[in-house]
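Below: one structure, written as structure tokens.
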Amino acid sequence: MTSIKPIWIVDDDQSIRFVLEKALQREGLATRSFTHPREVLQALDASVLDQLPQVLVSDIRMPGGSGLDLLGQLKERSPGLPVIIMTAFSDLDSAVSSFQSGAFEYLAKPFDLSKAVELIRRAVEESQREQSAQIAMDPQHEMLGQAPAMQDVFRAIGRLSQSHVTVMITGESGSGKELVARALHKHSPRSEEPFVAINTAAIPKDLLESELFGHERGAFTGAQAMRRGRFEQAEGGTLFLDEIGDMPFDLQTRLLRVLSDGHFFRVGGHSAIKANVRVIAATHQDLEQRVKEGGFREDLFHRLNVIRLRLPALRERREDIPMLTRHFLQQSAQQLGVDPKRISDPAQAALVDFHFPGNVRQLENICHWLTVMAPAQVIEPKDLPPEVCQTPASPPIELPAVVKETWGATDLPRALGAPPPAVPVMVESAPSATLASIAALGLSPAEWELGLEAEAMSLLLSGRTDVWDAIVNRVEARLIQTALANTRGRRIEAAQKLGIGRNTITRKIQELGL
């Protein structure tokens, strides 16, 4: 969590300033007070970044100017700054004006001091959330690579350096797609503005709309205050939509509208907000195939696919592995405050030969592991983790073909005495390869469950962070397909046999693109 900067209090009433200062200081929050808006604007002009306010609390009517006028100027200078408006005139017009101008909350005088402190605490949390979303460019985010495939990527970034065009980045999980997006932003005309990243696969569907577009106060249960979404946080800069292929279908429609006309609405809002944002999207999926399957809108695909950059997998640029290994070992040592470890030539050769299903992210994790676990300063082959060593105690057990089709061709996991596979082969199952067909072969539950376990282990080793959804979605899809085949396509009857509601089966069919 980022450190908390001072709370600025603006009020011409000395007693209000004194009471708030003392209450906030008891909470461990630093404060700075002003008597009229002009002082605030002068202080903003003279402040460096770490002296800027975390939250601003302002009276609405002061001899030196209006709190609403101050709010308008602050929103132009620092749109992410939460502003709480105080007023002794508890009328509806003041409240409406405050929220229309972008106030975080409205606080009527006289107020309960404990509630005022709780409100300021919520505003601090919102401010810190936005700070975390807008991570500044950092030297450690620089891309490394001498391989020809990476040089092609660097050249493409250079050609796009003065462009605002939408870019689609494709590549396997862990290959560094976000680093490419950051590089595109850093070398663009928007480099001084925010870079905001969101993984659309990591946020529950019910929350994703609010995360992207924000919400108004009272838009839904728990929406206690207006919240800016990622589009507003990225105003003037770049919004990176990672794993765009997993975006729910109905949200794809909303995103298309933003890309088409440049406007959007907060959840529960009625005023259109203009979005001045460059969108960069990324996916590890085959979006053309997703379009054919009906899981991704074709018009959105063409909107996003203006310029496509393909990022090579690590196994396609093995000559970069030694350089990346040294970099990650030094980085890990610096983070832990220890001397960086060196890697012997045989150990380095083993890493170069490894398939790296998790790509650069997996190599980084291995280097962190070695920094902590390797017993000596020089890393030898015996120090490498088991998935790299590849020394099976016994020949791998071949799974039944239909299990491989359904769950993926892979060896048995470490739990059965063999190490996890180095090269998981992800095979999409044919529609006819269902759990019912496995049972029809006379296989015991333990046999197809081993296939499930092996597939789960393969996905976990690949470095993916959506293993739960990936497995559960495939199981649900097979169950529904089997039930529909059994009922000759009658959904209500299929839902009854599965023990789920008819609305549930309809929703699942849409979500899974069946």
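Each chain in the structure tokens gets a letter, A, B and so on, in the order shown; residues start at 1 in every chain, and ligands are counted from 1 in the order they appear.
By chain and then residue number, the residues within 12 Å of Gln510 of chain A are Pro248, Phe249, Asp250, Glu293, Gly294, Gly295, Phe296, Asn473, Ala477, Ile480, Asn503 and Thr504 of chain A, counting only C-alpha atoms and disregarding those fewer than 6 positions away in sequence.
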Can you write just those residues out, N, CA and C atoms, as a PDB file, in the first residue's frame?
```
ATOM      1  N   PRO A 248     -16.729 -10.440 -20.690  1.00  0.00           N
ATOM      2  CA  PRO A 248     -18.105 -10.887 -20.916  1.00  0.00           C
ATOM      3  C   PRO A 248     -18.726 -10.216 -22.137  1.00  0.00           C
ATOM      4  N   PHE A 249     -19.624 -10.935 -22.801  1.00  0.00           N
ATOM      5  CA  PHE A 249     -20.159 -10.490 -24.086  1.00  0.00           C
ATOM      6  C   PHE A 249     -20.892  -9.155 -23.969  1.00  0.00           C
ATOM      7  N   ASP A 250     -21.702  -8.969 -22.895  1.00  0.00           N
ATOM      8  CA  ASP A 250     -22.458  -7.728 -22.779  1.00  0.00           C
ATOM      9  C   ASP A 250     -21.537  -6.531 -22.552  1.00  0.00           C
ATOM     10  N   GLU A 293     -16.724 -18.808 -32.856  1.00  0.00           N
ATOM     11  CA  GLU A 293     -17.514 -19.552 -31.871  1.00  0.00           C
ATOM     12  C   GLU A 293     -18.627 -18.712 -31.260  1.00  0.00           C
ATOM     13  N   GLY A 294     -18.647 -17.412 -31.559  1.00  0.00           N
ATOM     14  CA  GLY A 294     -19.680 -16.549 -31.006  1.00  0.00           C
ATOM     15  C   GLY A 294     -19.369 -16.022 -29.621  1.00  0.00           C
ATOM     16  N   GLY A 295     -18.135 -16.187 -29.156  1.00  0.00           N
ATOM     17  CA  GLY A 295     -17.771 -15.717 -27.828  1.00  0.00           C
ATOM     18  C   GLY A 295     -17.173 -14.325 -27.821  1.00  0.00           C
ATOM     19  N   PHE A 296     -16.893 -13.762 -29.005  1.00  0.00           N
ATOM     20  CA  PHE A 296     -16.311 -12.423 -29.080  1.00  0.00           C
ATOM     21  C   PHE A 296     -16.916 -11.692 -30.262  1.00  0.00           C
ATOM     22  N   ASN A 473     -15.021 -23.812 -16.275  1.00  0.00           N
ATOM     23  CA  ASN A 473     -15.782 -23.503 -17.485  1.00  0.00           C
ATOM     24  C   ASN A 473     -15.850 -24.704 -18.425  1.00  0.00           C
ATOM     25  N   ALA A 477     -19.207 -26.643 -19.421  1.00  0.00           N
ATOM     26  CA  ALA A 477     -19.567 -26.764 -20.834  1.00  0.00           C
ATOM     27  C   ALA A 477     -19.865 -28.216 -21.210  1.00  0.00           C
ATOM     28  N   ILE A 480     -23.246 -29.361 -19.694  1.00  0.00           N
ATOM     29  CA  ILE A 480     -24.406 -28.815 -20.399  1.00  0.00           C
ATOM     30  C   ILE A 480     -24.558 -29.452 -21.775  1.00  0.00           C
ATOM     31  N   ASN A 503     -33.023 -20.456 -15.959  1.00  0.00           N
ATOM     32  CA  ASN A 503     -32.305 -19.202 -16.203  1.00  0.00           C
ATOM     33  C   ASN A 503     -30.796 -19.426 -16.113  1.00  0.00           C
ATOM     34  N   THR A 504     -30.401 -20.299 -15.199  1.00  0.00           N
ATOM     35  CA  THR A 504     -28.966 -20.588 -15.040  1.00  0.00           C
ATOM     36  C   THR A 504     -28.398 -21.246 -16.287  1.00  0.00           C
TER      37      THR A 504
END
```
Contact residues around Gly229 of chain A with only C-alpha atoms at 9 Å, ignoring same-chain residues under 6 positions, as a PyMOL selection string: chain A and resi 209-215+266
Fewer than 2 positions away in the same chain doesn't count, so skip those; otherwise give me all residues within 10 Å of Glu243 of chain A, counting only C-alpha atoms, as an mmCIF file with N, CA and C atoms, in the first residue's frame.
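Output contents, as saved in around.cif:
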```cif
data_model
loop_
_atom_site.group_PDB
_atom_site.id
_atom_site.type_symbol
_atom_site.label_atom_id
_atom_site.label_comp_id
_atom_site.auth_asym_id
_atom_site.auth_seq_id
_atom_site.Cartn_x
_atom_site.Cartn_y
_atom_site.Cartn_z
ATOM 1 N N ILE A 169 -2.024 -6.770 -28.724
ATOM 2 C CA ILE A 169 -0.818 -7.552 -28.458
ATOM 3 C C ILE A 169 -1.233 -8.998 -28.220
ATOM 4 N N THR A 170 -0.652 -9.909 -28.964
ATOM 5 C CA THR A 170 -0.955 -11.329 -28.785
ATOM 6 C C THR A 170 0.303 -12.054 -28.328
ATOM 7 N N SER A 173 0.620 -16.648 -22.282
ATOM 8 C CA SER A 173 0.645 -16.116 -20.921
ATOM 9 C C SER A 173 2.076 -16.091 -20.397
ATOM 10 N N LYS A 177 3.372 -9.317 -22.250
ATOM 11 C CA LYS A 177 2.507 -8.426 -23.042
ATOM 12 C C LYS A 177 2.331 -7.063 -22.373
ATOM 13 N N ILE A 198 -5.655 -3.124 -16.484
ATOM 14 C CA ILE A 198 -6.682 -3.932 -15.837
ATOM 15 C C ILE A 198 -6.730 -5.290 -16.529
ATOM 16 N N ASN A 199 -6.736 -6.350 -15.717
ATOM 17 C CA ASN A 199 -6.851 -7.712 -16.246
ATOM 18 C C ASN A 199 -8.327 -8.087 -16.219
ATOM 19 N N THR A 200 -8.953 -8.132 -17.384
ATOM 20 C CA THR A 200 -10.396 -8.368 -17.439
ATOM 21 C C THR A 200 -10.768 -9.772 -17.008
ATOM 22 N N ALA A 201 -9.800 -10.694 -16.993
ATOM 23 C CA ALA A 201 -10.093 -12.066 -16.574
ATOM 24 C C ALA A 201 -9.998 -12.227 -15.062
ATOM 25 N N ALA A 202 -9.356 -11.270 -14.376
ATOM 26 C CA ALA A 202 -9.114 -11.407 -12.941
ATOM 27 C C ALA A 202 -10.201 -10.774 -12.092
ATOM 28 N N PHE A 240 -4.683 -0.177 -20.616
ATOM 29 C CA PHE A 240 -4.268 -1.497 -21.090
ATOM 30 C C PHE A 240 -5.281 -2.529 -20.616
ATOM 31 N N LEU A 241 -5.952 -3.168 -21.547
ATOM 32 C CA LEU A 241 -6.957 -4.191 -21.251
ATOM 33 C C LEU A 241 -6.337 -5.555 -21.495
ATOM 34 N N GLY A 245 -9.866 -11.276 -24.385
ATOM 35 C CA GLY A 245 -10.675 -12.368 -24.896
ATOM 36 C C GLY A 245 -11.620 -12.949 -23.863
ATOM 37 N N ASP A 246 -11.362 -12.669 -22.572
ATOM 38 C CA ASP A 246 -12.220 -13.183 -21.496
ATOM 39 C C ASP A 246 -13.294 -12.192 -21.082
ATOM 40 N N MET A 247 -13.376 -11.049 -21.759
ATOM 41 C CA MET A 247 -14.377 -10.052 -21.372
ATOM 42 C C MET A 247 -15.782 -10.570 -21.657
ATOM 43 N N ALA A 281 -4.939 -3.475 -26.112
ATOM 44 C CA ALA A 281 -5.522 -4.729 -25.632
ATOM 45 C C ALA A 281 -4.517 -5.862 -25.804
ATOM 46 N N ALA A 282 -4.698 -6.915 -25.024
ATOM 47 C CA ALA A 282 -3.812 -8.075 -25.124
ATOM 48 C C ALA A 282 -4.612 -9.345 -24.854
ATOM 49 N N THR A 283 -4.170 -10.433 -25.456
ATOM 50 C CA THR A 283 -4.818 -11.723 -25.233
ATOM 51 C C THR A 283 -3.856 -12.848 -25.576
ATOM 52 N N HIS A 284 -4.044 -13.982 -24.885
ATOM 53 C CA HIS A 284 -3.304 -15.189 -25.254
ATOM 54 C C HIS A 284 -4.182 -16.104 -26.102
ATOM 55 N N GLN A 285 -5.430 -15.696 -26.339
ATOM 56 C CA GLN A 285 -6.370 -16.537 -27.057
ATOM 57 C C GLN A 285 -6.366 -16.230 -28.558
#
```
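When only C-alpha atoms are used to measure the gap to Glu39 of chain A, the shortest distance among A:Leu70, A:Ala88, A:Ser175, A:Val267 belongs to A:Leu70.
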Which of segment 5-173 of chain A fall in strand (DSSP E or B), as a PyMOL selection string: chain A and resi 7-10+31-34+55-59+61-62+65-66+83-87+105-108+167-170
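Using only C-alpha atoms, the nearest neighbour of Thr482 of chain A within the list A:Met150, A:Leu184, A:Leu498, A:Leu29 is A:Leu498.
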Arg342 of chain A environment, 10 Å, only C-alpha atoms, sequence neighbours closer than 5 positions dropped, as a list in words: Thr325, Arg326, Leu329, Gln330, Gln348, Thr371, Ala376, Gln377, Val378, Ile379 and Glu380 of chain A
Keeping only C-alpha atoms, write those residues as an mmCIF file, in the first residue's frame.
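Output below, filename result-v6.cif:
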```cif
data_model
loop_
_atom_site.group_PDB
_atom_site.id
_atom_site.type_symbol
_atom_site.label_atom_id
_atom_site.label_comp_id
_atom_site.auth_asym_id
_atom_site.auth_seq_id
_atom_site.Cartn_x
_atom_site.Cartn_y
_atom_site.Cartn_z
ATOM 1 C CA THR A 325 18.551 -15.011 -16.029
ATOM 2 C CA ARG A 326 21.332 -12.641 -14.949
ATOM 3 C CA LEU A 329 18.982 -12.937 -10.320
ATOM 4 C CA GLN A 330 20.314 -9.410 -9.789
ATOM 5 C CA GLN A 348 22.522 -22.163 -17.608
ATOM 6 C CA THR A 371 17.978 -16.703 -4.910
ATOM 7 C CA ALA A 376 25.753 -21.734 -2.608
ATOM 8 C CA GLN A 377 26.604 -18.530 -4.458
ATOM 9 C CA VAL A 378 27.132 -20.483 -7.686
ATOM 10 C CA ILE A 379 24.004 -22.225 -8.955
ATOM 11 C CA GLU A 380 24.621 -25.757 -10.216
#
```
Exercise: Glu476 of chain A partners within 12 Å, only C-alpha atoms, chain neighbours under 3 positions left out, as a ChimeraX atom specification: /A:434-435,468-473,479-483,498,500,504-505,507-509,511-514
Next, write the just-selected residues to a file, as an mmCIF file, in the first residue's frame, keeping N, CA and C atoms as the atom set.
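The new file selection39.cif reads:
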```
data_model
loop_
_atom_site.group_PDB
_atom_site.id
_atom_site.type_symbol
_atom_site.label_atom_id
_atom_site.label_comp_id
_atom_site.auth_asym_id
_atom_site.auth_seq_id
_atom_site.Cartn_x
_atom_site.Cartn_y
_atom_site.Cartn_z
ATOM 1 N N THR A 434 -16.957 -35.921 -24.342
ATOM 2 C CA THR A 434 -17.574 -35.424 -23.116
ATOM 3 C C THR A 434 -17.315 -36.387 -21.990
ATOM 4 N N LEU A 435 -17.656 -35.930 -20.787
ATOM 5 C CA LEU A 435 -17.500 -36.802 -19.627
ATOM 6 C C LEU A 435 -18.365 -38.049 -19.763
ATOM 7 N N TRP A 468 -8.723 -21.799 -12.115
ATOM 8 C CA TRP A 468 -10.047 -22.182 -11.623
ATOM 9 C C TRP A 468 -11.092 -22.017 -12.720
ATOM 10 N N ASP A 469 -11.146 -20.808 -13.304
ATOM 11 C CA ASP A 469 -12.148 -20.548 -14.342
ATOM 12 C C ASP A 469 -11.922 -21.444 -15.560
ATOM 13 N N ALA A 470 -10.651 -21.645 -15.944
ATOM 14 C CA ALA A 470 -10.359 -22.444 -17.131
ATOM 15 C C ALA A 470 -10.892 -23.870 -16.986
ATOM 16 N N ILE A 471 -10.685 -24.464 -15.801
ATOM 17 C CA ILE A 471 -11.142 -25.839 -15.573
ATOM 18 C C ILE A 471 -12.656 -25.889 -15.390
ATOM 19 N N VAL A 472 -13.178 -25.015 -14.521
ATOM 20 C CA VAL A 472 -14.612 -25.054 -14.213
ATOM 21 C C VAL A 472 -15.455 -24.774 -15.454
ATOM 22 N N ASN A 473 -15.021 -23.812 -16.275
ATOM 23 C CA ASN A 473 -15.782 -23.503 -17.485
ATOM 24 C C ASN A 473 -15.850 -24.704 -18.425
ATOM 25 N N LEU A 479 -20.802 -30.665 -19.193
ATOM 26 C CA LEU A 479 -22.033 -31.094 -18.536
ATOM 27 C C LEU A 479 -23.264 -30.623 -19.305
ATOM 28 N N ILE A 480 -23.246 -29.361 -19.694
ATOM 29 C CA ILE A 480 -24.406 -28.815 -20.399
ATOM 30 C C ILE A 480 -24.558 -29.452 -21.775
ATOM 31 N N GLN A 481 -23.440 -29.614 -22.503
ATOM 32 C CA GLN A 481 -23.506 -30.244 -23.823
ATOM 33 C C GLN A 481 -24.040 -31.679 -23.722
ATOM 34 N N THR A 482 -23.577 -32.403 -22.702
ATOM 35 C CA THR A 482 -24.027 -33.789 -22.529
ATOM 36 C C THR A 482 -25.513 -33.838 -22.189
ATOM 37 N N ALA A 483 -25.950 -32.949 -21.289
ATOM 38 C CA ALA A 483 -27.360 -32.926 -20.906
ATOM 39 C C ALA A 483 -28.247 -32.552 -22.082
ATOM 40 N N LEU A 498 -29.882 -31.671 -14.645
ATOM 41 C CA LEU A 498 -28.626 -31.231 -14.037
ATOM 42 C C LEU A 498 -28.831 -30.679 -12.627
ATOM 43 N N ILE A 500 -30.212 -27.612 -12.015
ATOM 44 C CA ILE A 500 -30.024 -26.160 -12.014
ATOM 45 C C ILE A 500 -31.265 -25.508 -12.602
ATOM 46 N N THR A 504 -30.401 -20.299 -15.199
ATOM 47 C CA THR A 504 -28.966 -20.588 -15.040
ATOM 48 C C THR A 504 -28.398 -21.246 -16.287
ATOM 49 N N ILE A 505 -29.109 -22.234 -16.843
ATOM 50 C CA ILE A 505 -28.568 -22.919 -18.021
ATOM 51 C C ILE A 505 -28.520 -21.980 -19.220
ATOM 52 N N ARG A 507 -28.112 -18.682 -19.066
ATOM 53 C CA ARG A 507 -26.992 -17.764 -18.841
ATOM 54 C C ARG A 507 -25.663 -18.451 -19.109
ATOM 55 N N LYS A 508 -25.520 -19.713 -18.641
ATOM 56 C CA LYS A 508 -24.273 -20.434 -18.840
ATOM 57 C C LYS A 508 -24.001 -20.686 -20.326
ATOM 58 N N ILE A 509 -25.042 -20.989 -21.081
ATOM 59 C CA ILE A 509 -24.877 -21.218 -22.528
ATOM 60 C C ILE A 509 -24.326 -19.961 -23.192
ATOM 61 N N GLU A 511 -22.649 -17.405 -21.563
ATOM 62 C CA GLU A 511 -21.314 -17.096 -21.036
ATOM 63 C C GLU A 511 -20.242 -17.995 -21.643
ATOM 64 N N LEU A 512 -20.571 -19.268 -21.830
ATOM 65 C CA LEU A 512 -19.585 -20.225 -22.329
ATOM 66 C C LEU A 512 -19.517 -20.272 -23.847
ATOM 67 N N GLY A 513 -20.402 -19.500 -24.499
ATOM 68 C CA GLY A 513 -20.375 -19.450 -25.958
ATOM 69 C C GLY A 513 -20.749 -20.763 -26.610
ATOM 70 N N LEU A 514 -21.710 -21.485 -26.002
ATOM 71 C CA LEU A 514 -22.091 -22.793 -26.540
ATOM 72 C C LEU A 514 -23.093 -22.616 -27.683
#
```
Would you return as a PDB file with C-alpha atoms, in the first residue's frame the members of segment 121-206 of chain A that DSSP assigns to helix (DSSP H, G or I) on this structure's backbone?
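Contents of selection.pdb, freshly written:
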```pdb
ATOM      1  CA  ARG A 121     -10.775   7.241   5.802  1.00  0.00           C
ATOM      2  CA  ARG A 122     -12.921   5.924   2.920  1.00  0.00           C
ATOM      3  CA  ALA A 123     -11.716   8.761   0.719  1.00  0.00           C
ATOM      4  CA  VAL A 124      -8.094   7.920   1.610  1.00  0.00           C
ATOM      5  CA  GLU A 125      -8.678   4.287   0.616  1.00  0.00           C
ATOM      6  CA  GLU A 126     -10.194   5.384  -2.703  1.00  0.00           C
ATOM      7  CA  SER A 127      -7.253   7.695  -3.359  1.00  0.00           C
ATOM      8  CA  GLN A 128      -4.747   4.935  -2.620  1.00  0.00           C
ATOM      9  CA  ARG A 129      -6.647   2.532  -4.880  1.00  0.00           C
ATOM     10  CA  GLU A 130      -6.297   4.975  -7.764  1.00  0.00           C
ATOM     11  CA  GLN A 131      -2.616   5.537  -6.991  1.00  0.00           C
ATOM     12  CA  SER A 132      -2.048   1.784  -7.185  1.00  0.00           C
ATOM     13  CA  ALA A 133      -3.892   1.621 -10.513  1.00  0.00           C
ATOM     14  CA  PRO A 139      13.326   1.058 -14.991  1.00  0.00           C
ATOM     15  CA  GLN A 140      12.540  -2.523 -13.940  1.00  0.00           C
ATOM     16  CA  HIS A 141       9.708  -2.524 -16.475  1.00  0.00           C
ATOM     17  CA  PRO A 148      15.720 -11.323 -33.860  1.00  0.00           C
ATOM     18  CA  ALA A 149      12.086 -11.932 -32.843  1.00  0.00           C
ATOM     19  CA  MET A 150      12.396  -9.361 -30.054  1.00  0.00           C
ATOM     20  CA  GLN A 151      14.192  -6.895 -32.300  1.00  0.00           C
ATOM     21  CA  ASP A 152      11.138  -7.036 -34.573  1.00  0.00           C
ATOM     22  CA  VAL A 153       8.970  -6.117 -31.579  1.00  0.00           C
ATOM     23  CA  PHE A 154      11.266  -3.213 -30.669  1.00  0.00           C
ATOM     24  CA  ARG A 155      11.172  -1.921 -34.242  1.00  0.00           C
ATOM     25  CA  ALA A 156       7.373  -2.049 -34.220  1.00  0.00           C
ATOM     26  CA  ILE A 157       7.278  -0.075 -30.947  1.00  0.00           C
ATOM     27  CA  GLY A 158       9.552   2.511 -32.543  1.00  0.00           C
ATOM     28  CA  ARG A 159       7.314   2.850 -35.602  1.00  0.00           C
ATOM     29  CA  LYS A 177       2.507  -8.426 -23.042  1.00  0.00           C
ATOM     30  CA  GLU A 178       2.080  -5.766 -20.346  1.00  0.00           C
ATOM     31  CA  LEU A 179       5.741  -4.748 -20.756  1.00  0.00           C
ATOM     32  CA  VAL A 180       5.101  -4.156 -24.452  1.00  0.00           C
ATOM     33  CA  ALA A 181       2.038  -2.065 -23.580  1.00  0.00           C
ATOM     34  CA  ARG A 182       4.085  -0.017 -21.102  1.00  0.00           C
ATOM     35  CA  ALA A 183       6.801   0.515 -23.703  1.00  0.00           C
ATOM     36  CA  LEU A 184       4.217   1.690 -26.248  1.00  0.00           C
ATOM     37  CA  HIS A 185       2.923   4.166 -23.668  1.00  0.00           C
ATOM     38  CA  LYS A 186       6.366   5.331 -22.547  1.00  0.00           C
ATOM     39  CA  LYS A 205     -18.114 -10.195 -14.135  1.00  0.00           C
ATOM     40  CA  ASP A 206     -20.441  -8.347 -11.743  1.00  0.00           C
TER      41      ASP A 206
END
```
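Across the model, the gap from atom CA of Thr465 of chain A to atom CA of Gly176 of chain A is 14.2 Å.
Nearest to Pro322 of chain A of all the residues A:Asn305, A:Gln334, A:Gln146, A:Ser58 is A:Gln146, based on only C-alpha atoms.
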